[in-house]
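For reference, model-v3.tsv is printed below; it contains TSV, C-alpha atoms.
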chain	number	residue	atom	x	y	z
A	1	MET	CA	0.28	-27.12	-10.92
A	2	LEU	CA	2.00	-23.75	-10.85
A	3	LYS	CA	5.45	-24.66	-12.07
A	4	ASP	CA	6.53	-21.03	-12.41
A	5	SER	CA	6.83	-20.26	-8.73
A	6	LYS	CA	8.65	-16.98	-9.28
A	7	GLU	CA	6.44	-14.02	-10.03
A	8	GLY	CA	8.80	-12.63	-12.65
A	9	SER	CA	8.85	-15.87	-14.67
A	10	THR	CA	5.29	-15.53	-16.00
A	11	PRO	CA	5.36	-16.14	-19.76
A	12	PRO	CA	4.02	-13.20	-21.81
A	13	GLY	CA	0.38	-13.66	-22.72
A	14	ARG	CA	-0.17	-16.59	-20.38
A	15	PRO	CA	-2.61	-14.75	-18.06
A	16	ARG	CA	-4.66	-13.65	-21.07
A	17	LEU	CA	-4.82	-17.17	-22.48
A	18	ALA	CA	-5.78	-18.57	-19.08
A	19	TYR	CA	-8.52	-15.95	-18.79
A	20	GLN	CA	-9.93	-16.90	-22.17
A	21	ALA	CA	-9.84	-20.59	-21.21
A	22	CYS	CA	-11.75	-19.90	-17.98
A	23	LEU	CA	-14.20	-17.43	-19.51
A	24	PRO	CA	-16.98	-19.98	-20.23
A	25	GLU	CA	-16.73	-21.35	-16.72
A	26	MET	CA	-16.77	-17.85	-15.26
A	27	GLN	CA	-19.85	-16.90	-17.25
A	28	ARG	CA	-21.73	-19.98	-16.06
A	29	LEU	CA	-21.50	-18.85	-12.46
A	30	GLN	CA	-24.78	-17.61	-11.05
A	31	ALA	CA	-25.01	-14.31	-9.20
A	32	SER	CA	-25.55	-16.10	-5.88
A	33	GLN	CA	-22.33	-18.05	-6.36
A	34	ILE	CA	-20.04	-15.07	-7.02
A	35	GLN	CA	-17.72	-14.16	-4.15
A	36	ALA	CA	-16.51	-10.59	-4.11
A	37	VAL	CA	-12.80	-9.94	-3.75
A	38	ASN	CA	-12.07	-9.61	-0.03
A	39	LEU	CA	-8.29	-9.72	0.06
A	40	ASP	CA	-5.26	-8.35	-1.76
A	41	VAL	CA	-5.35	-10.19	-5.08
A	42	MET	CA	-1.65	-9.99	-5.88
A	43	ASP	CA	-0.65	-11.05	-2.36
A	44	ALA	CA	-2.90	-14.10	-2.71
A	45	VAL	CA	-1.43	-14.90	-6.13
A	46	ARG	CA	2.12	-14.61	-4.80
A	47	THR	CA	1.25	-16.91	-1.90
A	48	VAL	CA	-0.21	-19.60	-4.14
A	49	ARG	CA	2.60	-19.41	-6.66
A	50	GLY	CA	5.17	-19.50	-3.90
A	51	ALA	CA	3.66	-22.76	-2.63
A	52	SER	CA	3.33	-24.31	-6.09
A	53	GLU	CA	6.40	-26.54	-5.93
A	54	ARG	CA	5.48	-27.95	-2.53
A	55	LEU	CA	1.90	-28.58	-3.68
A	56	SER	CA	3.18	-30.39	-6.74
A	57	THR	CA	4.92	-32.94	-4.52
A	58	LEU	CA	1.56	-33.86	-2.95
A	59	ARG	CA	-0.38	-34.27	-6.19
A	60	VAL	CA	0.41	-37.99	-6.58
A	61	VAL	CA	-0.19	-38.61	-2.88
A	62	ALA	CA	-3.61	-36.97	-3.13
A	63	GLU	CA	-4.54	-39.08	-6.14
A	64	ALA	CA	-3.75	-42.25	-4.20
A	65	ALA	CA	-5.42	-41.12	-0.99
A	66	PHE	CA	-8.74	-39.75	-2.25
A	67	ASN	CA	-11.50	-41.44	-4.18
A	68	ASP	CA	-14.14	-38.72	-4.19
A	69	PHE	CA	-11.95	-35.60	-4.29
A	70	ASN	CA	-12.20	-33.56	-7.48
A	71	LEU	CA	-8.55	-33.52	-8.54
A	72	SER	CA	-9.42	-31.37	-11.55
A	73	LEU	CA	-9.59	-28.42	-9.17
A	74	TRP	CA	-6.01	-29.18	-8.16
A	75	ASP	CA	-4.95	-29.30	-11.80
A	76	LYS	CA	-6.91	-26.16	-12.76
A	77	LEU	CA	-5.54	-24.04	-9.91
A	78	GLU	CA	-2.69	-22.88	-12.15
A	79	THR	CA	-5.10	-21.74	-14.86
A	80	TYR	CA	-7.43	-20.08	-12.35
A	81	THR	CA	-4.49	-18.19	-10.85
A	82	PHE	CA	-3.30	-16.76	-14.16
A	83	ALA	CA	-6.87	-15.94	-15.16
A	84	LEU	CA	-7.26	-13.95	-11.94
A	85	ILE	CA	-4.01	-12.10	-12.67
A	86	HIS	CA	-5.33	-11.01	-16.07
A	87	ALA	CA	-8.77	-10.04	-14.73
A	88	HIS	CA	-7.19	-8.00	-11.95
A	89	ASP	CA	-4.76	-6.20	-14.27
A	90	VAL	CA	-7.51	-5.28	-16.73
A	91	TYR	CA	-9.75	-4.01	-13.94
A	92	VAL	CA	-7.01	-1.90	-12.32
A	93	SER	CA	-6.08	-0.38	-15.69
A	94	SER	CA	-9.71	0.50	-16.35
A	95	VAL	CA	-10.08	2.16	-12.96
A	96	LYS	CA	-6.92	4.19	-13.49
A	97	SER	CA	-8.18	5.38	-16.87
A	98	CYS	CA	-11.29	6.76	-15.15
A	99	ALA	CA	-9.26	8.90	-12.77
A	100	VAL	CA	-8.64	12.60	-13.42
A	101	PRO	CA	-4.91	13.47	-13.20
A	102	ALA	CA	-3.99	15.02	-9.87
A	103	GLU	CA	-1.85	17.69	-11.58
A	104	LEU	CA	-4.88	18.95	-13.49
A	105	VAL	CA	-6.98	19.10	-10.33
A	106	ASN	CA	-4.26	20.95	-8.38
A	107	ASP	CA	-3.73	23.50	-11.15
A	108	ALA	CA	-7.46	24.20	-11.43
A	109	GLN	CA	-7.74	24.49	-7.64
A	110	GLN	CA	-4.96	27.09	-7.43
A	111	LYS	CA	-6.49	29.18	-10.19
A	112	PHE	CA	-9.96	28.95	-8.62
A	113	GLU	CA	-8.64	30.16	-5.25
A	114	LEU	CA	-6.88	33.07	-6.96
A	115	LEU	CA	-10.00	34.07	-8.89
A	116	TYR	CA	-12.16	33.72	-5.79
A	117	ALA	CA	-9.85	35.98	-3.76
A	118	VAL	CA	-9.87	38.60	-6.54
A	119	VAL	CA	-13.66	38.54	-6.88
A	120	GLN	CA	-14.04	38.63	-3.09
A	121	GLY	CA	-12.04	41.86	-3.03
A	122	LEU	CA	-14.17	43.35	-5.78
A	123	VAL	CA	-17.35	42.35	-3.93
A	124	SER	CA	-16.10	44.01	-0.74
A	125	ARG	CA	-15.56	47.19	-2.79
A	126	ARG	CA	-19.09	46.80	-4.23
A	127	LEU	CA	-17.87	46.44	-7.77
A	128	LEU	CA	-19.52	43.01	-8.14
A	129	ASP	CA	-22.65	41.52	-6.63
A	130	PRO	CA	-22.17	39.26	-3.53
A	131	PRO	CA	-24.27	36.32	-4.83
A	132	ILE	CA	-21.50	35.49	-7.28
A	133	LEU	CA	-19.38	34.13	-4.42
A	134	THR	CA	-22.13	31.82	-3.22
A	135	ARG	CA	-22.76	30.53	-6.71
A	136	ALA	CA	-19.05	29.92	-7.31
A	137	LYS	CA	-18.89	27.68	-4.23
A	138	GLY	CA	-22.20	25.97	-4.93
A	139	ARG	CA	-20.45	22.72	-5.84
A	140	ARG	CA	-17.76	20.69	-4.11
A	141	GLY	CA	-14.33	19.39	-4.99
A	142	ARG	CA	-13.38	19.18	-8.65
A	143	LEU	CA	-16.76	20.44	-9.84
A	144	ARG	CA	-16.20	23.63	-7.83
A	145	TYR	CA	-12.75	24.17	-9.31
A	146	ALA	CA	-14.08	23.60	-12.84
A	147	TYR	CA	-17.50	25.22	-13.02
A	148	GLY	CA	-16.85	27.74	-10.23
A	149	SER	CA	-13.80	29.06	-12.10
A	150	LEU	CA	-15.73	29.28	-15.35
A	151	LEU	CA	-18.43	31.31	-13.60
A	152	LEU	CA	-15.89	33.68	-12.03
A	153	VAL	CA	-14.10	34.15	-15.35
A	154	GLU	CA	-17.40	34.95	-17.05
A	155	LYS	CA	-18.31	37.61	-14.48
A	156	LEU	CA	-14.84	39.17	-14.62
A	157	ARG	CA	-14.98	39.38	-18.40
A	158	GLU	CA	-18.38	41.08	-18.25
A	159	ALA	CA	-17.05	43.77	-15.91
A	160	TRP	CA	-13.48	43.76	-17.23
A	161	SER	CA	-13.53	47.31	-18.56
A	162	MET	CA	-14.48	48.53	-15.09
A	163	VAL	CA	-12.33	46.27	-12.88
A	164	ALA	CA	-9.30	45.50	-15.06
A	165	ASP	CA	-7.00	47.91	-13.21
A	166	LYS	CA	-8.29	46.77	-9.79
A	167	THR	CA	-7.84	42.98	-10.02
A	168	GLY	CA	-4.10	42.58	-10.39
A	169	LEU	CA	-4.82	40.00	-13.11
A	170	SER	CA	-3.91	40.12	-16.77
A	171	GLU	CA	-6.13	38.90	-19.57
A	172	ASP	CA	-3.63	36.14	-20.22
A	173	GLU	CA	-3.98	34.87	-16.64
A	174	LEU	CA	-7.75	35.01	-17.01
A	175	THR	CA	-7.53	32.95	-20.21
A	176	GLN	CA	-5.22	30.38	-18.56
A	177	ALA	CA	-7.65	29.97	-15.67
A	178	GLU	CA	-10.49	29.45	-18.13
A	179	LEU	CA	-8.56	26.82	-20.10
A	180	SER	CA	-7.59	24.97	-16.92
A	181	ALA	CA	-11.20	24.91	-15.75
A	182	GLU	CA	-12.39	23.65	-19.15
A	183	ARG	CA	-9.81	20.84	-19.17
A	184	LEU	CA	-10.89	19.77	-15.69
A	185	ALA	CA	-14.58	19.88	-16.64
A	186	SER	CA	-13.83	17.76	-19.69
A	187	GLY	CA	-11.86	15.27	-17.59
A	188	VAL	CA	-14.68	14.94	-15.08
A	189	ALA	CA	-17.17	14.37	-17.89
A	190	LYS	CA	-14.99	11.69	-19.50
A	191	LYS	CA	-14.53	9.97	-16.14
A	192	ASN	CA	-18.20	9.00	-16.05
A	193	GLY	CA	-18.01	7.40	-19.51
A	194	PRO	CA	-16.01	4.20	-18.82
A	195	LYS	CA	-17.39	3.83	-15.30
A	196	GLU	CA	-19.95	1.23	-16.34
A	197	HIS	CA	-17.27	-0.64	-18.27
A	198	ALA	CA	-15.06	-0.67	-15.17
A	199	GLU	CA	-17.94	-2.10	-13.13
A	200	GLN	CA	-18.35	-4.90	-15.65
A	201	LEU	CA	-14.65	-5.67	-15.47
A	202	GLY	CA	-14.92	-5.68	-11.69
A	203	GLU	CA	-17.66	-8.30	-11.89
A	204	MET	CA	-15.51	-10.47	-14.15
A	205	ARG	CA	-12.68	-10.15	-11.68
A	206	ASP	CA	-15.03	-11.34	-8.94
A	207	ARG	CA	-15.96	-14.34	-11.07
A	208	ALA	CA	-12.31	-15.21	-11.67
A	209	PHE	CA	-11.64	-14.76	-7.96
A	210	THR	CA	-14.53	-17.11	-7.14
A	211	LEU	CA	-13.02	-19.93	-9.22
A	212	PHE	CA	-9.57	-19.27	-7.79
A	213	ILE	CA	-10.53	-19.07	-4.11
A	214	TYR	CA	-12.82	-22.11	-4.29
A	215	ALA	CA	-10.19	-24.29	-5.99
A	216	TYR	CA	-7.45	-23.24	-3.60
A	217	GLY	CA	-9.75	-23.77	-0.63
A	218	GLN	CA	-10.45	-27.34	-1.74
A	219	VAL	CA	-6.77	-28.04	-2.35
A	220	ARG	CA	-5.90	-26.60	1.05
A	221	ARG	CA	-8.43	-28.85	2.78
A	222	ALA	CA	-6.96	-31.87	1.02
A	223	VAL	CA	-3.46	-30.85	2.08
A	224	GLN	CA	-4.58	-30.45	5.67
A	225	TYR	CA	-5.90	-34.00	5.60
A	226	LEU	CA	-2.74	-35.39	4.03
A	227	ARG	CA	-0.36	-33.57	6.39
A	228	TRP	CA	-2.47	-33.73	9.55
A	229	ASP	CA	-0.13	-36.09	11.39
A	230	HIS	CA	2.90	-34.03	10.38
A	231	ASN	CA	1.35	-30.72	11.50
A	232	ASP	CA	2.88	-28.83	8.55
A	233	ALA	CA	-0.09	-28.29	6.23
A	234	ASP	CA	0.41	-24.51	6.23
A	235	ALA	CA	3.91	-25.01	4.84
A	236	PHE	CA	2.36	-26.61	1.73
A	237	ALA	CA	-0.82	-24.54	1.41
A	238	PRO	CA	-0.71	-21.41	3.60
A	239	SER	CA	-3.80	-19.41	4.38
A	240	LEU	CA	-4.52	-16.42	2.14
A	241	TYR	CA	-6.09	-14.46	4.99
A	242	ARG	CA	-4.19	-12.82	7.80
A	243	ARG	CA	-4.89	-14.43	11.11
A	244	ARG	CA	-5.74	-12.51	14.24
A	245	HIS	CA	-3.60	-13.54	17.18
A	246	THR	CA	-5.62	-14.04	20.35
A	247	PRO	CA	-4.15	-14.10	23.86
A	248	ARG	CA	-5.29	-17.69	24.43
A	249	ALA	CA	-1.85	-18.85	25.54
A	250	LYS	CA	-1.71	-16.07	28.09
A	251	ALA	CA	-5.15	-16.97	29.46
A	252	ARG	CA	-4.21	-20.65	29.61
A	253	HIS	CA	-1.08	-19.72	31.56
A	254	VAL	CA	-3.18	-17.81	34.06
A	255	ILE	CA	-5.45	-20.84	34.54
A	256	ASP	CA	-2.73	-23.46	34.80
A	257	SER	CA	-0.34	-21.57	37.07
A	258	PRO	CA	-1.31	-20.82	40.68
A	259	SER	CA	-1.41	-17.25	41.85
A	260	ALA	CA	1.55	-15.70	43.58
A	261	SER	CA	-0.31	-15.41	46.85
A	262	ALA	CA	-1.27	-19.08	46.72
A	263	VAL	CA	2.33	-20.12	46.05
A	264	GLN	CA	3.54	-17.95	48.85
A	265	THR	CA	0.95	-19.42	51.22
A	266	GLU	CA	1.76	-22.99	50.20
A	267	HIS	CA	5.51	-22.71	50.67
A	268	SER	CA	5.68	-20.33	53.62
A	269	VAL	CA	6.96	-22.05	56.78
A	270	PRO	CA	6.66	-20.30	60.14
A	271	ASP	CA	9.84	-19.65	62.06
A	272	GLN	CA	10.08	-22.35	64.72
A	273	HIS	CA	12.17	-20.10	66.97
A	274	GLN	CA	9.46	-17.46	67.14
A	275	GLU	CA	6.67	-17.77	69.63
A	276	GLN	CA	3.33	-17.93	67.80
A	277	ASP	CA	0.22	-16.20	69.05
A	278	PRO	CA	-2.88	-18.45	68.56
A	279	GLU	CA	-5.11	-15.46	67.74
A	280	VAL	CA	-2.65	-14.17	65.16
A	281	ASP	CA	-2.40	-17.67	63.64
A	282	ALA	CA	-6.19	-17.83	63.32
A	283	ARG	CA	-6.37	-14.45	61.55
A	284	ALA	CA	-3.55	-15.48	59.21
A	285	THR	CA	-5.32	-18.72	58.39
A	286	ASP	CA	-8.54	-16.89	57.55
A	287	ALA	CA	-6.66	-14.42	55.35
A	288	ASN	CA	-4.92	-17.24	53.49
A	289	ALA	CA	-8.25	-18.98	52.96
A	290	LEU	CA	-9.77	-15.80	51.51
A	291	THR	CA	-6.78	-15.36	49.21
A	292	LEU	CA	-7.05	-18.92	47.92
A	293	GLU	CA	-10.79	-18.50	47.38
A	294	SER	CA	-10.28	-15.28	45.42
A	295	SER	CA	-7.64	-16.96	43.23
A	296	ALA	CA	-9.99	-19.87	42.57
A	297	ILE	CA	-12.83	-17.50	41.63
A	298	GLY	CA	-10.53	-15.61	39.26
A	299	ALA	CA	-9.39	-18.82	37.61
A	300	VAL	CA	-12.99	-19.99	37.19
A	301	SER	CA	-13.92	-16.63	35.62
A	302	VAL	CA	-11.06	-16.83	33.12
A	303	THR	CA	-11.96	-20.43	32.34
A	304	ALA	CA	-15.57	-19.46	31.66
A	305	SER	CA	-14.53	-16.66	29.30
A	306	VAL	CA	-12.18	-18.98	27.40
A	307	ASP	CA	-14.90	-21.63	27.13
A	308	ALA	CA	-17.35	-19.03	25.78
A	309	ALA	CA	-14.82	-17.92	23.17
A	310	ARG	CA	-14.18	-21.55	22.20
A	311	ARG	CA	-17.90	-22.18	21.75
A	312	LYS	CA	-18.21	-19.02	19.64
A	313	ARG	CA	-15.37	-20.18	17.37
A	314	ALA	CA	-16.97	-23.61	17.07
A	315	ARG	CA	-20.28	-22.05	15.97
A	316	ALA	CA	-18.49	-19.87	13.42
A	317	LYS	CA	-16.61	-22.92	12.12
A	318	ARG	CA	-19.81	-24.93	11.74
A	319	LYS	CA	-21.43	-22.05	9.89
A	320	SER	CA	-18.41	-21.78	7.59
A	321	HIS	CA	-18.58	-25.50	6.81
A	322	GLU	CA	-22.29	-25.19	6.05
A	323	ASN	CA	-21.62	-22.29	3.66
A	324	VAL	CA	-18.85	-24.26	1.94
A	325	ALA	CA	-21.12	-27.30	1.59
A	326	ARG	CA	-23.88	-25.14	0.12
A	327	PHE	CA	-21.43	-23.52	-2.29
A	328	ARG	CA	-20.04	-26.89	-3.38
A	329	SER	CA	-23.56	-28.11	-4.06
A	330	GLN	CA	-24.24	-25.07	-6.22
A	331	MET	CA	-20.96	-25.59	-8.09
A	332	ARG	CA	-21.90	-29.22	-8.83
A	333	GLN	CA	-25.23	-28.05	-10.25
A	334	VAL	CA	-23.42	-25.67	-12.55

Hey, can you dump this file as structure tokens for me?
Amino acid sequence: MLKDSKEGSTPPGRPRLAYQACLPEMQRLQASQIQAVNLDVMDAVRTVRGASERLSTLRVVAEAAFNDFNLSLWDKLETYTFALIHAHDVYVSSVKSCAVPAELVNDAQQKFELLYAVVQGLVSRRLLDPPILTRAKGRRGRLRYAYGSLLLVEKLREAWSMVADKTGLSEDELTQAELSAERLASGVAKKNGPKEHAEQLGEMRDRAFTLFIYAYGQVRRAVQYLRWDHNDADAFAPSLYRRRHTPRAKARHVIDSPSASAVQTEHSVPDQHQEQDPEVDARATDANALTLESSAIGAVSVTASVDAARRKRARAKRKSHENVARFRSQMRQV
């Protein structure tokens, strides 16, 4: 099991070696068996590694308690975890290498806006043709700042002898804007190069995640069986997914506790020293009966909604078990 429970104690090169050890198993997975990453990978890794020491104490107990449980998944969870760490790090590094630096984009944007304002003034004075503005903004985002600036620089250079003293720009500023646009255009072009490679690394990360999440899910089910009577399974193998808290306790409290009006009616005692009017007593009795009936109807409504939610959760749980059984069958075939 994961003996290095602290994140900072990972030996250098261990994730890479674990990845290489799991690579044949990852490649044998069929496309229908791959589960895409649907949680924060590093949070999941930290959770599993944080529970490693407690899980280690149950390994011998599990071996004695189970006959048909695949304990190799328990033993391989450490390797799967480090393999996922390596796959995730490689994928994130590849994605970052595809990104265009924000400083380059901001610089090109500022120069494009300056050139556009200058050309707009020249167009309003009929020194340049209006279609140039539409063409400069024909693209969006970084492509506009790159190719739009190059187009504006080209038109200004063509008419430079006529508009040089009317732009407020120097030739050096025009050259700097052109260089910034060219660097951005080159960065955008290079971004599309390793994109396919990043997608391949993303698929390998999904494969590593599939092995990891399946093994931990099986270990967690075994722990829940072993610690069922103690009601502390989550302390040994916590869930990797954040749970949504539902107001079931509040609804149960509404059902179990009588309404305030009912309590008041039950414990109210008429003053024996006051003379009671029979007609008033009859109206009060009817009102109390209506109040009790309304409370009962409200309780029944809340009970029905809670029962419907419980049935919905039961159906979802059955479906989840069916999917797990199907996935386990596919894994055995592999």

Contacts of segment 130-139 of chain A at 12 Å (only C-alpha atoms; same-chain gap of 6+ positions) as a PyMOL selection string: chain A and resi 112-113+115-124+145-156

Kindly save the residues from that selection, with C-alpha atoms included, as a JSON list (two decimals), in the frame of the given file.
[["chain", "number", "residue", "atom", "x", "y", "z"],
["A", 112, "PHE", "CA", -9.96, 28.95, -8.62],
["A", 113, "GLU", "CA", -8.64, 30.16, -5.25],
["A", 115, "LEU", "CA", -10.00, 34.07, -8.89],
["A", 116, "TYR", "CA", -12.16, 33.72, -5.79],
["A", 117, "ALA", "CA", -9.85, 35.98, -3.76],
["A", 118, "VAL", "CA", -9.87, 38.60, -6.54],
["A", 119, "VAL", "CA", -13.66, 38.54, -6.88],
["A", 120, "GLN", "CA", -14.04, 38.63, -3.09],
["A", 121, "GLY", "CA", -12.04, 41.86, -3.03],
["A", 122, "LEU", "CA", -14.17, 43.35, -5.78],
["A", 123, "VAL", "CA", -17.35, 42.35, -3.93],
["A", 124, "SER", "CA", -16.10, 44.01, -0.74],
["A", 145, "TYR", "CA", -12.75, 24.17, -9.31],
["A", 146, "ALA", "CA", -14.08, 23.60, -12.84],
["A", 147, "TYR", "CA", -17.50, 25.22, -13.02],
["A", 148, "GLY", "CA", -16.85, 27.74, -10.23],
["A", 149, "SER", "CA", -13.80, 29.06, -12.10],
["A", 150, "LEU", "CA", -15.73, 29.28, -15.35],
["A", 151, "LEU", "CA", -18.43, 31.31, -13.60],
["A", 152, "LEU", "CA", -15.89, 33.68, -12.03],
["A", 153, "VAL", "CA", -14.10, 34.15, -15.35],
["A", 154, "GLU", "CA", -17.40, 34.95, -17.05],
["A", 155, "LYS", "CA", -18.31, 37.61, -14.48],
["A", 156, "LEU", "CA", -14.84, 39.17, -14.62]]

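Atom pair atom CA of Gly141 of chain A / atom CA of Glu182 of chain A has a distance of 14.9 Å (rounded to one decimal).
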
Report the closest atom pair, with its distance in Å rounded to one decimal, for each residue of segment 13-70 of chain A that has an atom no farther than 8 Å from segment 235-239 of chain A; count only C-alpha atoms, sort by chain and then rising residue number, and write it as a Markdown table.
| residue | atom | partner | partner_atom | distance |
| --- | --- | --- | --- | --- |
| A:Thr47 | CA | A:Pro238 | CA | 7.4 |
| A:Val48 | CA | A:Ala237 | CA | 7.5 |
| A:Ala51 | CA | A:Phe236 | CA | 6.0 |
| A:Arg54 | CA | A:Phe236 | CA | 5.4 |
| A:Leu55 | CA | A:Phe236 | CA | 5.8 |

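One finds atom CA of Asp234 of chain A at 14.9 Å from atom CA of Arg46 of chain A.
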
Hey, what's within 9 Å of Ala18 of chain A if we count all atoms listed in the file and toss same-chain stuff fewer than 5 positions away? As number ranges by chain, please? A: 13, 23, 78-84, 86

Mind pulling up the distance from atom CA of Tyr91 of chain A to atom CA of Leu201 of chain A? 5.4 Å

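The residue set within 9 Å of segment 57-65 of chain A, counting only C-alpha atoms and dropping same-chain residues fewer than 6 places from it, reads A:Met1, A:Leu71, A:Trp74, A:Asp75, A:Ala222, A:Val223, A:Leu226, A:Phe236.
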
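Take the candidates A:Ala181, A:Leu240, A:Ala31, A:Ala164 and check each one against Asp206 of chain A using only C-alpha atoms; the shortest distance goes to A:Ala31.
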
Might I get the box with edges along x, y and z of the file that holds all atoms of segment 236-240 of chain A listed there, padded by 4 Å on every side, given as centre and edge lengths in Å to one decimal, as lines of an AutoDock Vina configuration file?
center_x = -1.1
center_y = -21.5
center_z = 2.9
size_x = 14.9
size_y = 18.2
size_z = 11.0

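Among A:Ala198, A:Val163, A:Ala308, A:Arg221, the residue with the shortest atom-to-atom distance to Ser93 of chain A, counting only C-alpha atoms, is A:Ala198.
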
Rank A:Ala108, A:Ala233, A:Leu77, A:Ile213 by their smallest atom-to-atom distance to Leu184 of chain A, using only C-alpha atoms, and report the top residue only. A:Ala108

I need the residue nearest Leu104 of chain A from this list: A:Ala159, A:Tyr216, A:Ser180, A:Leu174. Use all atoms listed in the file for the distance. A:Ser180

Pick out the closest residue to Ala102 of chain A from this set: A:Arg311, A:Leu179, A:Leu127, A:Gly187. Count all atoms listed in the file. A:Gly187

Generate a file for segment 99-110 of chain A, containing N, CA and C atoms, as a short mmCIF file (atom, residue, chain, number, x, y, z; two decimals), in the first residue's frame.
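Output file selection-v2.cif is given in full below:
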data_model
loop_
_atom_site.label_atom_id
_atom_site.label_comp_id
_atom_site.auth_asym_id
_atom_site.auth_seq_id
_atom_site.Cartn_x
_atom_site.Cartn_y
_atom_site.Cartn_z
N ALA A 99 -0.15 26.86 -24.70
CA ALA A 99 -0.75 28.16 -24.45
C ALA A 99 0.17 29.29 -24.93
N VAL A 100 -0.43 30.35 -25.44
CA VAL A 100 0.31 31.54 -25.85
C VAL A 100 0.47 32.44 -24.62
N PRO A 101 1.67 32.94 -24.33
CA PRO A 101 1.87 33.77 -23.15
C PRO A 101 0.92 34.95 -23.11
N ALA A 102 0.38 35.23 -21.94
CA ALA A 102 -0.58 36.32 -21.79
C ALA A 102 0.07 37.68 -22.05
N GLU A 103 1.36 37.81 -21.70
CA GLU A 103 2.06 39.08 -21.93
C GLU A 103 2.14 39.41 -23.42
N LEU A 104 2.37 38.39 -24.23
CA LEU A 104 2.44 38.61 -25.67
C LEU A 104 1.09 39.02 -26.23
N VAL A 105 0.02 38.40 -25.74
CA VAL A 105 -1.32 38.74 -26.21
C VAL A 105 -1.68 40.17 -25.81
N ASN A 106 -1.38 40.54 -24.56
CA ASN A 106 -1.71 41.89 -24.08
C ASN A 106 -0.94 42.96 -24.85
N ASP A 107 0.33 42.70 -25.12
CA ASP A 107 1.13 43.68 -25.86
C ASP A 107 0.58 43.86 -27.27
N ALA A 108 0.26 42.74 -27.94
CA ALA A 108 -0.29 42.84 -29.29
C ALA A 108 -1.65 43.52 -29.29
N GLN A 109 -2.44 43.30 -28.26
CA GLN A 109 -3.76 43.94 -28.18
C GLN A 109 -3.63 45.46 -28.05
N GLN A 110 -2.73 45.91 -27.18
CA GLN A 110 -2.54 47.35 -27.01
C GLN A 110 -2.08 48.01 -28.31
#
